[in-house]
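**Student:** Next comes the structure file data15.txt, holding compact mmCIF, C-alpha atoms and all ligand atoms.
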# COMPACT_ATOMS: atom_id res chain seq x y z
CA MET A 354 23.17 172.01 -155.01
CA SER A 355 22.36 169.52 -157.72
CA LEU A 356 20.50 166.71 -156.01
CA VAL A 357 17.48 167.45 -153.86
CA GLN A 358 15.18 164.68 -152.85
CA GLU A 359 12.16 164.77 -150.61
CA LEU A 360 11.97 161.72 -148.37
CA LYS A 361 9.52 160.70 -145.71
CA PRO A 362 10.41 159.26 -142.30
CA GLY A 363 10.13 155.48 -142.12
CA ARG A 364 10.94 153.05 -139.33
CA LEU A 365 13.09 154.05 -136.36
CA TYR A 366 15.54 151.74 -134.66
CA LEU A 367 17.71 151.98 -131.57
CA PHE A 368 20.22 149.24 -131.09
CA SER A 369 23.18 148.31 -129.00
CA LEU A 370 26.16 146.77 -130.83
CA ASP A 371 27.97 143.67 -129.58
CA HIS A 372 31.24 144.02 -127.67
CA ASP A 373 34.19 143.22 -129.99
CA SER A 374 32.10 143.64 -133.17
CA GLU A 375 33.33 145.77 -136.08
CA ILE A 376 31.20 148.92 -136.10
CA VAL A 377 30.92 149.64 -139.85
CA ALA A 378 30.09 146.03 -140.74
CA SER A 379 27.61 145.77 -137.85
CA ILE A 380 25.61 148.86 -138.87
CA THR A 381 25.77 147.88 -142.55
CA ASN A 382 24.55 144.34 -141.76
CA LEU A 383 21.67 145.72 -139.69
CA ALA A 384 20.62 148.07 -142.51
CA GLU A 385 20.82 145.17 -144.93
CA SER A 386 18.83 142.76 -142.75
CA LEU A 387 16.18 145.43 -142.07
CA ARG A 388 16.14 146.33 -145.80
CA VAL A 389 16.85 150.00 -145.11
CA GLU A 390 17.85 151.52 -148.46
CA ALA A 391 18.03 155.13 -147.27
CA GLY A 392 18.45 156.47 -143.79
CA VAL A 393 20.33 158.54 -141.30
CA VAL A 394 22.49 157.14 -138.53
CA SER A 395 23.82 158.60 -135.33
CA GLY A 396 25.46 157.08 -132.30
CA ILE A 397 27.52 157.30 -129.15
CA GLY A 398 29.61 154.81 -127.22
CA ALA A 399 33.21 153.70 -127.08
CA LEU A 400 35.67 151.93 -129.36
CA GLN A 401 38.64 149.78 -128.33
CA LYS A 402 40.54 150.90 -131.43
CA ALA A 403 39.66 152.57 -134.71
CA GLU A 404 40.78 153.47 -138.18
CA ILE A 405 39.61 156.78 -139.57
CA GLY A 406 40.33 158.39 -142.91
CA TYR A 407 41.14 161.78 -144.30
CA TYR A 408 40.41 162.24 -148.00
CA ASP A 409 43.27 164.04 -149.71
CA GLN A 410 41.60 166.36 -152.22
CA LYS A 411 44.77 166.62 -154.34
CA THR A 412 45.75 162.95 -154.64
CA HIS A 413 42.15 161.64 -154.36
CA GLU A 414 43.26 159.03 -151.85
CA TYR A 415 42.30 158.36 -148.26
CA ARG A 416 45.03 158.90 -145.70
CA THR A 417 44.59 156.34 -142.92
CA ILE A 418 44.74 157.40 -139.29
CA GLU A 419 45.16 154.41 -136.94
CA ILE A 420 44.01 154.88 -133.36
CA ASP A 421 45.22 151.95 -131.28
CA ARG A 422 43.74 152.87 -127.92
CA PRO A 423 40.32 153.10 -126.28
CA MET A 424 38.33 156.15 -127.33
CA GLU A 425 34.88 157.53 -126.58
CA ILE A 426 32.59 157.95 -129.58
CA SER A 427 31.65 161.51 -128.72
CA SER A 428 29.75 161.67 -131.99
CA LEU A 429 29.00 159.36 -134.89
CA ILE A 430 26.88 160.66 -137.73
CA GLY A 431 26.20 159.24 -141.14
CA ASN A 432 23.79 157.93 -143.70
CA VAL A 433 22.75 154.79 -145.49
CA SER A 434 22.26 154.71 -149.23
CA ILE A 435 22.77 152.20 -152.02
CA ARG A 436 26.13 151.34 -153.55
CA ASP A 437 26.59 148.39 -155.91
CA GLY A 438 23.00 147.35 -155.23
CA LYS A 439 23.40 147.03 -151.45
CA PRO A 440 22.94 149.28 -148.40
CA PHE A 441 26.13 151.25 -147.80
CA LEU A 442 27.03 153.14 -144.62
CA HIS A 443 28.90 156.43 -144.89
CA ALA A 444 29.78 157.66 -141.40
CA HIS A 445 32.08 160.17 -139.77
CA VAL A 446 33.17 160.12 -136.13
CA THR A 447 34.65 162.30 -133.48
CA LEU A 448 36.59 160.17 -130.97
CA ALA A 449 37.76 161.49 -127.60
CA ASP A 450 40.74 160.17 -125.60
CA SER A 451 41.25 160.05 -121.81
CA GLU A 452 42.26 163.72 -121.80
CA GLY A 453 39.21 164.75 -123.79
CA ASN A 454 41.26 165.44 -126.90
CA VAL A 455 39.47 164.51 -130.10
CA LYS A 456 40.35 163.08 -133.46
CA GLY A 457 37.85 162.87 -136.23
CA GLY A 458 37.22 161.87 -139.78
CA HIS A 459 35.73 159.29 -142.07
CA LEU A 460 34.97 156.11 -140.13
CA SER A 461 36.73 153.21 -141.86
CA ARG A 462 36.52 150.64 -139.07
CA GLY A 463 36.41 150.30 -135.33
CA THR A 464 36.22 147.60 -132.67
CA VAL A 465 33.21 148.17 -130.44
CA PHE A 466 33.57 148.39 -126.68
CA ALA A 467 29.93 149.49 -126.42
CA ALA A 468 27.79 151.49 -128.83
CA GLU A 469 24.25 152.81 -128.95
CA ILE A 470 23.10 153.46 -132.49
CA TYR A 471 20.04 155.24 -133.82
CA LEU A 472 18.92 154.42 -137.36
CA ARG A 473 16.10 156.32 -139.01
CA GLU A 474 14.84 154.95 -142.30
CA LEU A 475 13.86 157.40 -145.03
CA ILE A 476 11.27 156.47 -147.63
CA GLY A 477 11.41 157.67 -151.21
CA ARG A 478 13.32 157.07 -154.38
CA PRO A 479 16.47 155.13 -153.37
CA LEU A 480 19.64 157.19 -153.11
CA GLU A 481 22.28 155.49 -155.19
CA ARG A 482 26.04 156.18 -155.12
CA CYS A 483 27.94 156.40 -158.38
CA HIS A 484 31.50 157.35 -159.20
CA ASP A 485 31.97 161.11 -159.53
CA PRO A 486 34.89 161.94 -161.86
CA THR A 487 35.49 165.39 -160.31
CA THR A 488 36.13 164.15 -156.77
CA ASP A 489 36.86 160.46 -157.51
CA LEU A 490 34.34 159.66 -154.76
CA PHE A 491 31.12 157.64 -154.94
CA LEU A 492 28.48 160.33 -154.51
CA TRP A 493 24.69 160.36 -154.68
CA SER A 494 23.41 160.55 -158.21
CA GLU A 495 20.14 160.55 -160.08
CA THR A 496 20.35 157.26 -161.90
CA ARG A 497 16.95 155.80 -161.13
ZN ZN B 501 33.48 160.19 -145.53
What's the structure tokens form of this structure?
Ligand code: ZN
**Tutor:**
Amino acid sequence: MSLVQELKPGRLYLFSLDHDSEIVASITNLAESLRVEAGVVSGIGALQKAEIGYYDQKTHEYRTIEIDRPMEISSLIGNVSIRDGKPFLHAHVTLADSEGNVKGGHLSRGTVFAAEIYLRELIGRPLERCHDPTTDLFLWSETR
């Protein structure tokens, strides 16, 4: 554990996303318009289709998993921090099909059927993402 930061709870938001909207862009735009620089996100709902990712720890590349059918968002969990000076959403999802089978991973994009999102702002020193040479990912760092 190399980065520990004490944050205080800020504003709380519940919102419903528009049908046909793109879920990652919608949550990111809301965080940006509300000026949320750090926060936690969770949600439930349904997607018409989705693209999730699996990060290959050997090649340091995301493998894309396309899901071209309606799925329940049985769980969406993530956070908002700052990357390249702007609010950035990092979210993972578990999506369930009509049989109740699930697929999960890094949420790259998804077309909303309906979604109820909870955003909790956290107040403190902004969490900023910077490139980490070990993992090749943009992780939280102590640059400010
Ligand atoms: Zn991820």
**Student:** Could you give me, as a list in words, the residues within 8 Å of A:Leu472, counting only C-alpha atoms and dropping anything in the same chain fewer than 6 positions from it?
**Tutor:** Leu365, Tyr366, Leu367, Gly392, Val393, Val394 and Ser395 of chain A
**Student:** Do a neighbour search on A:Leu460 at 9 Å with all atoms listed in the file, toss out local chain neighbours closer than 4 positions, and write the hits as a ChimeraX atom specification.
**Tutor:** /A:377,403-406,429,443-446
**Student:** Using all atoms listed in the file, which residues sit within 8 Å of A:Lys456 once same-chain residues fewer than 3 positions away are excluded, as a ChimeraX atom specification?
**Tutor:** /A:447-449
**Student:** In Å, rounded to a single decimal, give me how far atom CA of A:Gln401 is from atom CA of A:Asp373.
**Tutor:** 8.1 Å
**Student:** So, counting all atoms listed in the file, which residue among A:Asp409, A:Asp437, A:Asp450, A:Glu481 is closest to ligand ZN 501 (chain B)?
**Tutor:** A:Asp409
**Student:** I'd like the neighbourhood of A:Thr488 as a PyMOL selection string, where a residue qualifies if any of its atoms comes within 10 Å (using all atoms listed in the file), though same-chain residues fewer than 5 positions away should be ignored.
**Tutor:** chain A and resi 408+410-413
**Student:** Just to be explicit: take each residue in the selection above, keep C-alpha atoms, and write the result as a short mmCIF file (atom, residue, chain, number, x, y, z; two decimals), in the frame of the given file.
**Tutor:**
data_model
loop_
_atom_site.label_atom_id
_atom_site.label_comp_id
_atom_site.auth_asym_id
_atom_site.auth_seq_id
_atom_site.Cartn_x
_atom_site.Cartn_y
_atom_site.Cartn_z
CA TYR A 408 40.41 162.24 -148.00
CA GLN A 410 41.60 166.36 -152.22
CA LYS A 411 44.77 166.62 -154.34
CA THR A 412 45.75 162.95 -154.64
CA HIS A 413 42.15 161.64 -154.36
#
**Student:** Nearest residue to ligand ZN 501 (chain B) out of A:Phe368, A:Tyr407, A:Phe466, A:Phe441, using all atoms listed in the file?
**Tutor:** A:Tyr407
**Student:** When distances are computed from all atoms listed in the file, which of A:Gly457, A:Pro423, A:Pro440, A:Pro486 shows the smallest separation from ligand ZN 501 (chain B)?
**Tutor:**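 Once distances to ligand ZN 501 (chain B) are computed over all atoms listed in the file, the minimum belongs to A:Gly457.
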**Student:** With distances taken over all atoms listed in the file, which residue among A:Ile430, A:Leu360, A:Leu442, A:Ala399 lies nearest A:Ala384?
**Tutor:**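 So, comparing all the options, the nearest one is A:Leu442.
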**Student:** Can you tell me, as a PyMOL selection string, what residues are no more than 12 Å from A:Ser379 when counting all atoms listed in the file, ignoring any on the same chain fewer than 2 positions away?
**Tutor:** chain A and resi 368-377+381-386+441-442+462-465+468-470
